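Novice: Contents of upload.txt (compact mmCIF, C-alpha atoms) are given next:
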```
# COMPACT_ATOMS: atom_id res chain seq x y z
CA MET P 98 150.33 173.95 133.44
CA VAL P 99 151.27 175.79 136.59
CA SER P 100 154.83 174.69 136.97
CA SER P 101 155.94 173.91 133.50
CA MET P 102 159.14 172.03 133.06
CA SER P 103 161.43 173.50 130.47
CA GLY P 104 162.98 171.41 127.74
CA ALA P 105 161.82 168.27 126.02
CA ARG P 106 160.01 165.64 128.02
CA PRO P 107 160.52 161.93 127.67
CA PRO P 108 157.57 159.99 126.26
CA TRP P 109 156.68 158.51 129.66
CA TYR P 110 156.30 161.92 131.32
CA PRO P 111 152.73 162.65 132.51
CA GLN P 112 151.18 165.48 130.53
CA TRP P 113 149.46 166.87 133.65
CA ASP P 114 152.74 167.65 135.40
CA GLU P 115 152.65 168.67 139.06
CA GLU P 116 149.16 170.16 138.89
CA GLY P 117 147.64 166.72 138.46
CA PRO P 118 145.09 165.51 135.93
CA TYR P 119 141.58 166.88 135.33
CA PHE P 120 138.60 165.07 133.83
CA GLU P 121 139.78 165.95 130.31
CA ASP P 122 143.14 164.25 130.85
CA PHE P 123 141.84 160.73 131.42
CA GLU P 124 141.65 158.27 128.59
CA VAL P 125 140.21 154.81 128.98
CA GLY P 126 142.99 152.25 128.68
CA THR P 127 145.87 154.40 129.96
CA VAL P 128 147.91 152.81 132.74
CA VAL P 129 149.95 154.97 135.13
CA LYS P 130 152.80 153.50 137.16
CA HIS P 131 152.75 155.66 140.27
CA TRP P 132 155.82 156.98 142.00
CA PRO P 133 156.92 156.76 144.80
CA CYS P 134 156.36 153.24 146.12
CA ARG P 135 156.49 152.62 149.87
CA THR P 136 157.92 150.00 152.23
CA LEU P 137 155.56 149.02 155.05
CA THR P 138 157.05 148.26 158.46
CA GLU P 139 156.05 147.05 161.88
CA TYR P 140 155.81 150.70 162.84
CA ASP P 141 152.91 151.14 160.39
CA ASN P 142 150.96 148.45 162.24
CA ILE P 143 151.54 150.21 165.55
CA LEU P 144 150.60 153.61 164.11
CA TRP P 145 147.46 152.03 162.68
CA LEU P 146 146.58 150.64 166.07
CA SER P 147 146.91 154.09 167.57
CA TYR P 148 144.78 155.68 164.84
CA THR P 149 142.00 153.09 164.64
CA GLY P 150 142.13 151.03 167.84
CA ASP P 151 141.70 147.84 165.83
CA SER P 152 141.92 145.17 168.51
CA ASN P 153 142.57 142.05 166.45
CA PRO P 154 145.75 140.58 168.02
CA LEU P 155 146.82 139.20 164.64
CA TYR P 156 148.40 142.57 163.91
CA PHE P 157 150.14 143.36 167.21
CA ASP P 158 150.65 140.17 169.26
CA LYS P 159 153.71 138.23 168.08
CA GLU P 160 152.95 135.15 170.15
CA TYR P 161 149.44 134.92 168.76
CA ALA P 162 150.61 135.38 165.20
CA LYS P 163 153.13 132.54 165.60
CA TYR P 164 150.26 130.10 165.86
CA THR P 165 148.43 131.33 162.77
CA ASP P 166 149.05 130.43 159.12
CA TYR P 167 150.87 133.73 158.77
CA GLN P 168 153.44 132.78 161.48
CA ARG P 169 154.22 136.46 162.09
CA ASN P 170 152.20 139.66 162.25
CA PRO P 171 151.05 140.60 158.76
CA ILE P 172 150.54 144.26 157.88
CA HIS P 173 146.90 145.18 158.54
CA PRO P 174 145.20 144.76 155.13
CA LEU P 175 143.39 148.07 155.57
CA ILE P 176 146.79 149.79 155.63
CA VAL P 177 147.58 148.19 152.29
CA ILE P 178 144.22 149.27 150.84
CA ASN P 179 144.67 152.81 152.13
CA LEU P 180 148.25 152.95 150.86
CA ALA P 181 147.22 151.63 147.46
CA LEU P 182 144.71 154.47 147.17
CA ALA P 183 146.96 157.15 148.65
CA LEU P 184 149.87 156.48 146.29
CA THR P 185 147.58 156.98 143.29
CA VAL P 186 146.19 160.38 144.30
CA ARG P 187 148.85 162.52 142.66
CA ASP P 188 148.01 161.10 139.22
CA THR P 189 144.33 160.26 139.61
CA SER P 190 142.10 161.97 142.14
CA ILE P 191 144.05 165.08 143.18
CA ASN P 192 141.56 167.33 141.37
CA SER P 193 138.43 165.54 142.59
CA ILE P 194 135.24 166.80 144.21
CA ALA P 195 134.49 163.49 145.87
CA PHE P 196 135.30 159.81 146.17
CA LEU P 197 131.93 158.31 145.20
CA GLY P 198 132.52 154.65 145.87
CA ALA P 199 134.25 151.40 145.00
CA GLU P 200 132.80 148.34 143.37
CA TYR P 201 135.41 146.20 145.13
CA MET P 202 138.62 146.34 147.14
CA MET P 203 140.08 142.84 147.17
CA ILE P 204 143.01 141.54 149.18
CA HIS P 205 144.94 138.91 147.25
CA THR P 206 148.21 138.34 149.12
CA PRO P 207 149.23 139.09 152.71
CA VAL P 208 151.85 141.82 153.18
CA TYR P 209 154.56 141.61 155.86
CA PRO P 210 156.81 144.21 157.47
CA GLY P 211 159.60 144.99 155.02
CA ASP P 212 157.51 144.47 151.89
CA THR P 213 157.48 147.32 149.36
CA ILE P 214 154.23 148.24 147.64
CA CYS P 215 154.04 149.83 144.18
CA VAL P 216 150.77 150.78 142.53
CA GLU P 217 149.48 151.04 138.97
CA SER P 218 146.19 152.59 137.88
CA GLU P 219 144.22 151.93 134.75
CA THR P 220 141.43 154.28 133.66
CA VAL P 221 138.53 151.97 132.85
CA ALA P 222 135.53 154.30 132.44
CA LYS P 223 134.84 157.96 131.82
CA ARG P 224 131.55 159.82 131.51
CA GLU P 225 129.97 163.21 131.99
CA SER P 226 128.09 163.89 135.22
CA ARG P 227 124.32 164.26 134.68
CA SER P 228 123.93 166.82 137.44
CA ARG P 229 127.22 168.72 137.47
CA PRO P 230 128.61 170.63 134.53
CA GLU P 231 131.84 171.32 136.43
CA ALA P 232 132.88 167.69 136.74
CA GLY P 233 132.77 164.23 135.26
CA ILE P 234 132.93 160.67 136.52
CA ILE P 235 136.05 158.55 136.24
CA THR P 236 136.54 154.93 137.23
CA TRP P 237 139.97 153.44 137.81
CA VAL P 238 141.26 150.00 138.63
CA HIS P 239 144.19 150.30 141.03
CA ARG P 240 146.56 147.34 141.33
CA ALA P 241 149.10 147.17 144.14
CA PHE P 242 152.08 144.81 143.87
CA ASN P 243 154.76 143.68 146.31
CA GLN P 244 158.50 143.65 145.51
CA GLU P 245 158.14 140.21 143.92
CA GLY P 246 155.54 141.53 141.51
CA ARG P 247 152.67 139.64 143.14
CA LEU P 248 149.28 141.36 143.16
CA VAL P 249 148.43 142.21 146.78
CA VAL P 250 145.37 144.43 146.43
CA GLU P 251 143.04 145.36 143.58
CA ILE P 252 140.51 148.19 143.84
CA ARG P 253 137.93 149.51 141.41
CA ARG P 254 136.88 153.02 142.45
CA THR P 255 134.88 155.90 141.04
CA ASN P 256 135.41 159.62 141.63
CA LEU P 257 133.76 162.87 140.68
CA VAL P 258 136.60 164.78 139.00
CA TYR P 259 136.82 168.51 138.19
CA LYS P 260 137.09 169.77 134.68
CA ARG P 261 140.04 172.10 134.24
CA GLU P 262 138.07 175.28 133.83
CA TYR P 263 136.33 174.79 137.21
CA SER P 264 139.49 173.96 139.15
CA PRO P 265 139.53 175.48 142.66
CA TRP P 266 143.32 175.40 142.47
CA ARG P 267 143.28 177.69 139.43
CA LYS P 268 140.83 179.98 141.24
CA LEU P 269 143.15 180.05 144.24
CA LEU P 270 146.12 180.93 142.05
CA ALA P 271 144.12 183.79 140.53
CA ILE P 272 143.16 185.10 143.99
CA MET P 273 146.78 184.93 145.10
CA GLY P 274 147.80 186.83 141.98
CA ARG P 275 149.82 183.97 140.61
CA ARG P 276 149.66 183.12 136.95
CA GLN P 277 149.24 179.76 135.35
CA MET Z 23 137.73 130.65 188.69
CA LYS Z 24 139.48 132.48 185.91
CA ILE Z 25 137.59 134.02 183.05
CA SER Z 26 138.70 135.75 179.87
CA GLY Z 27 138.45 139.42 179.04
CA TYR Z 28 135.96 140.05 176.24
CA PRO Z 29 137.31 137.80 173.48
CA GLY Z 30 135.24 139.08 170.55
CA ARG Z 31 132.97 136.88 168.48
CA PHE Z 32 133.98 133.66 166.86
CA PHE Z 33 132.52 132.21 163.69
CA GLU Z 34 129.81 130.32 165.58
CA ASP Z 35 128.72 133.52 167.37
CA PHE Z 36 127.46 135.22 164.19
CA ALA Z 37 123.91 134.73 162.90
CA LYS Z 38 122.59 135.67 159.49
CA GLY Z 39 120.20 138.62 159.63
CA GLU Z 40 121.48 139.90 162.94
CA ARG Z 41 122.07 143.63 163.48
CA ILE Z 42 124.81 144.86 165.76
CA VAL Z 43 125.19 148.43 167.01
CA HIS Z 44 128.83 148.72 167.93
CA ARG Z 45 129.78 149.86 171.39
CA LEU Z 46 132.56 152.20 170.27
CA GLY Z 47 131.92 155.46 168.50
CA ARG Z 48 134.53 157.90 167.35
CA THR Z 49 134.69 161.65 167.01
CA VAL Z 50 137.02 162.50 164.16
CA THR Z 51 139.18 165.55 163.87
CA TYR Z 52 141.15 167.39 161.27
CA GLN Z 53 144.29 166.06 162.95
CA ASP Z 54 143.16 162.43 162.58
CA ASN Z 55 142.67 163.14 158.93
CA LEU Z 56 146.24 164.49 158.60
CA TYR Z 57 147.67 161.24 159.97
CA PHE Z 58 145.69 159.20 157.51
CA THR Z 59 146.64 161.31 154.54
CA HIS Z 60 150.31 162.08 155.16
CA THR Z 61 151.49 158.82 156.66
CA LEU Z 62 150.44 157.05 153.46
CA LEU Z 63 151.45 159.89 151.12
CA ASN Z 64 147.96 160.93 150.07
CA THR Z 65 148.54 164.25 148.32
CA ASN Z 66 145.03 165.56 147.81
CA PRO Z 67 144.86 169.18 149.12
CA VAL Z 68 141.10 168.85 149.60
CA HIS Z 69 142.06 167.18 152.90
CA PHE Z 70 144.60 169.69 154.21
CA ASP Z 71 144.64 173.06 152.42
CA LYS Z 72 142.03 175.38 153.94
CA GLU Z 73 142.63 178.16 151.43
CA TYR Z 74 141.96 175.72 148.63
CA THR Z 75 138.89 174.19 150.28
CA GLU Z 76 137.39 177.65 150.87
CA LEU Z 77 136.85 177.62 147.11
CA THR Z 78 135.08 174.26 147.01
CA GLU Z 79 131.39 173.77 147.66
CA PHE Z 80 131.89 172.55 151.23
CA LYS Z 81 134.13 175.53 152.15
CA ARG Z 82 136.23 173.39 154.52
CA PRO Z 83 138.43 170.32 154.40
CA LEU Z 84 136.78 167.02 153.58
CA LEU Z 85 138.17 164.43 155.94
CA VAL Z 86 139.68 161.61 153.94
CA MET Z 87 137.12 158.88 153.36
CA THR Z 88 139.62 156.05 153.55
CA MET Z 89 139.95 157.13 157.19
CA THR Z 90 136.24 156.46 157.57
CA ILE Z 91 136.73 152.92 156.29
CA ALA Z 92 139.76 152.43 158.52
CA LEU Z 93 137.88 153.67 161.58
CA THR Z 94 134.99 151.36 160.72
CA TYR Z 95 137.40 148.45 161.04
CA GLY Z 96 138.63 149.90 164.33
CA ILE Z 97 135.12 150.45 165.69
CA THR Z 98 133.94 146.99 164.66
CA SER Z 99 137.14 145.22 165.70
CA GLU Z 100 135.80 144.34 169.15
CA THR Z 101 133.22 142.18 167.40
CA PHE Z 102 135.61 140.98 164.70
CA LYS Z 103 138.60 140.46 167.00
CA ASN Z 104 139.00 136.87 165.79
CA ALA Z 105 139.19 137.70 162.11
CA TYR Z 106 141.64 135.32 160.47
CA LYS Z 107 141.69 136.73 156.95
CA GLU Z 108 140.13 139.78 155.34
CA ILE Z 109 138.89 138.83 151.87
CA GLY Z 110 137.84 142.29 150.78
CA ILE Z 111 135.25 145.02 150.48
CA LYS Z 112 132.42 145.22 147.95
CA ASP Z 113 129.76 147.75 146.99
CA LEU Z 114 131.38 150.65 148.81
CA ARG Z 115 129.31 153.85 148.63
CA PHE Z 116 130.00 157.23 150.17
CA THR Z 117 126.80 159.15 150.77
CA ALA Z 118 127.86 162.24 152.75
CA PRO Z 119 131.10 164.06 153.56
CA VAL Z 120 132.79 163.88 156.96
CA PHE Z 121 134.01 167.10 158.59
CA ASP Z 122 136.15 168.01 161.59
CA GLY Z 123 134.24 167.19 164.79
CA ASP Z 124 131.73 164.73 163.33
CA THR Z 125 131.05 161.63 165.40
CA LEU Z 126 130.87 158.26 163.69
CA HIS Z 127 128.89 155.25 164.86
CA VAL Z 128 128.53 151.97 163.04
CA GLU Z 129 125.71 149.49 162.66
CA THR Z 130 126.42 146.11 161.13
CA GLU Z 131 124.02 143.73 159.47
CA ILE Z 132 125.19 140.15 159.10
CA LEU Z 133 124.28 139.20 155.53
CA ASP Z 134 125.68 135.69 155.52
CA VAL Z 135 127.50 133.19 157.69
CA ARG Z 136 128.78 130.10 155.99
CA GLU Z 137 131.31 127.30 155.93
CA VAL Z 138 133.89 127.46 153.16
CA GLY Z 139 135.45 124.05 153.62
CA ARG Z 140 137.97 125.16 156.23
CA GLU Z 141 138.36 123.39 159.53
CA ASP Z 142 139.56 126.42 161.47
CA SER Z 143 137.41 129.28 160.17
CA GLY Z 144 134.32 130.27 158.21
CA LEU Z 145 133.08 133.16 156.11
CA VAL Z 146 131.14 136.09 157.57
CA VAL Z 147 129.65 138.63 155.17
CA ALA Z 148 128.81 141.86 156.97
CA LYS Z 149 127.24 145.11 155.78
CA HIS Z 150 128.78 147.99 157.71
CA ARG Z 151 126.76 151.20 157.77
CA VAL Z 152 128.58 154.23 159.09
CA TYR Z 153 126.53 157.14 160.42
CA LYS Z 154 127.36 160.55 161.78
CA ASN Z 155 125.60 162.82 164.23
CA ASN Z 156 123.53 160.42 166.32
CA PHE Z 157 122.80 158.00 163.53
CA SER Z 158 121.04 160.78 161.62
CA GLN Z 159 123.10 160.69 158.45
CA LEU Z 160 124.58 157.73 156.58
CA VAL Z 161 128.09 158.60 155.43
CA CYS Z 162 129.27 155.29 154.06
CA GLU Z 163 128.27 151.69 153.61
CA PHE Z 164 130.06 148.62 152.35
CA THR Z 165 130.04 144.85 152.41
CA ARG Z 166 132.95 143.19 154.17
CA GLU Z 167 133.92 139.59 153.57
CA VAL Z 168 136.07 138.07 156.24
CA LEU Z 169 137.11 134.63 157.46
CA VAL Z 170 136.68 134.34 161.22
CA TYR Z 171 138.21 131.68 163.48
CA LYS Z 172 136.00 129.05 165.03
CA ARG Z 173 136.24 129.14 168.79
CA ALA Z 174 138.16 125.92 169.21
CA TYR Z 175 140.74 126.95 166.64
CA SER Z 176 141.71 130.33 168.02
CA PRO Z 177 145.50 130.70 168.02
CA ARG Z 178 145.06 132.07 171.53
CA TRP Z 179 144.72 128.57 172.96
CA ARG Z 180 148.22 127.72 171.73
CA ILE Z 181 149.87 130.53 173.70
CA GLN Z 182 151.43 129.15 176.87
CA SER Z 183 150.22 131.95 179.12
CA GLN Z 184 146.60 131.51 177.97
CA LYS Z 185 146.33 127.76 178.37
CA ASP Z 186 144.90 127.83 181.89
CA LEU Z 187 141.70 129.34 180.47
CA ILE Z 188 141.07 126.54 178.01
CA PRO Z 189 137.95 124.53 178.66
CA SER Z 190 138.66 120.84 178.26
CA HIS Z 191 136.51 120.36 175.14
CA ILE Z 192 138.46 123.08 173.33
CA SER Z 193 141.74 121.66 174.50
CA SER Z 194 141.07 118.29 172.92
CA GLU Z 195 139.86 119.81 169.64
CA THR Z 196 142.84 122.13 169.25
CA SER Z 197 145.27 119.37 170.04
CA LYS Z 198 143.80 117.49 167.11
CA LEU Z 199 144.56 120.41 164.80
CA HIS Z 200 147.92 121.44 166.23
CA PRO Z 201 149.66 118.41 167.72
```
Step by step, read the file and then write its structure as structure tokens.
Specialist:
Amino acid sequence: MVSSMSGARPPWYPQWDEEGPYFEDFEVGTVVKHWPCRTLTEYDNILWLSYTGDSNPLYFDKEYAKYTDYQRNPIHPLIVINLALALTVRDTSINSIAFLGAEYMMIHTPVYPGDTICVESETVAKRESRSRPEAGIITWVHRAFNQEGRLVVEIRRTNLVYKREYSPWRKLLAIMGRRQ
Amino acid sequence: MKISGYPGRFFEDFAKGERIVHRLGRTVTYQDNLYFTHTLLNTNPVHFDKEYTELTEFKRPLLVMTMTIALTYGITSETFKNAYKEIGIKDLRFTAPVFDGDTLHVETEILDVREVGREDSGLVVAKHRVYKNNFSQLVCEFTREVLVYKRAYSPRWRIQSQKDLIPSHISSETSKLHP
């Protein structure tokens, strides 16, 4: 590992450390509880509006939202989906070639400003790539929960993940004259 | 006479089999991609480390594909402005990378329109296909399931400042639902 921690590690410490996992590190059945979690706020909805221009008033018109079942502006569900994926990257896809696809991304519970989202990932499938010796294919199920422990979003996605020996990061370290 | 600004489609405005080319396109930049990665704590250097990406097969940063999905919702939101509840996404496939300066356009095929036993809304199943470079290359496609308000049940008609637009038939129907 690139930045190896000295001393004994507790049993819950991820073996891939800061470098992140490669294809070899995934085992079907392992569940990772990602850290950090993140609180979503009204400001996220406004930022989202400025990034995407999504014009559904449900997410930015307080008067309109009052008269819906939600009664106030929920967080845009695409923010929650994107957050659920983003928080997993460090321990799932950081050493990936590509995000290939997702069988589903389901929204189970609305999220409101002030709610805090934590994510867990389970490795559910692992196989070699038929066309690429440098990588393999991993499928995860990501589950995002709010502070009450209710499932808000569930995603099943598949990535093309580097094997350690083909890591561009390790190549970069070698070019920069840094040792692993 | 007063008329409304473009209100978007309601449930009854969608027809199964229809294809919609959305009016808004979007040129994406490296900077857009930074917002989408960092604001949500995405830590993959393939999106923001050019020395690292020099060593990958594309030789430049891959713009984050969740941004492509997010922008698809933005681009199609004029049509789906009256979405009441997003159910989810199915069968998502990425078919080509997106780079700095690419322009995205979206075409939507309406796969299904049906009642789900709700008075105020119904289900629309849409296939969004996202293309870059003048519709020459498909970058992503997915099926979106969403509940969309029926016209008479739009929360808009309950807002005091909007009431002078309400046609009388809508007014009587909404007052049934929201006394």
Novice: Nearest to chain P among Z:Glu137, Z:Asp124, Z:Glu40, Z:Asp142, with distances taken over all atoms listed in the file: which residue is it?
Specialist: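 Comparing Z:Glu137, Z:Asp124, Z:Glu40, Z:Asp142 against chain P, the winner is Z:Asp142.
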Novice: Write out as a VMD selection string every residue belonging to chain Z that has an atom at most 6 Å from any atom of chain P, counting all atoms listed in the file.
Specialist: chain Z and resid 62 to 66 77 93 96 99 103 109 to 116 177 to 178
Novice: Quick one: pull the distance between CA of Tyr119 in chain P and CA of Val249 in chain P, Å, one decimal.
Specialist: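 These two atoms are separated by 28.0 Å.
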Novice: Could you tell me which of Z:Thr117, Z:Leu160, Z:Met89, Z:His127 comes closest to His60 in chain Z if we count all atoms listed in the file?
Specialist: Z:Met89
Novice: For Val129 in chain P, please output as a ChimeraX atom specification all residues within 10 Å (counting all atoms listed in the file; exclusion window: fewer than 4 positions along the same chain).
Specialist: /P:109,111,185,188-189,216-220,239
Novice: May I ask for the distance between CA of Thr101 in chain Z and CA of Gly30 in chain Z, given in Å to one decimal place?
Specialist: 4.9 Å
Novice: List as JSON, numbers by chain the protein and nucleic acid residues near Val128 in chain Z, meaning an atom at most 12 Å away when only C-alpha atoms are counted, but skip any in the same chain fewer than 5 places from it.
Specialist: {"Z": [41, 42, 43, 44, 45, 46, 47, 48, 90, 91, 93, 94, 95, 96, 97, 98, 99, 101, 148, 149, 150, 151, 152, 153, 154, 155, 156, 157, 158, 159, 160, 161, 162, 163, 164]}
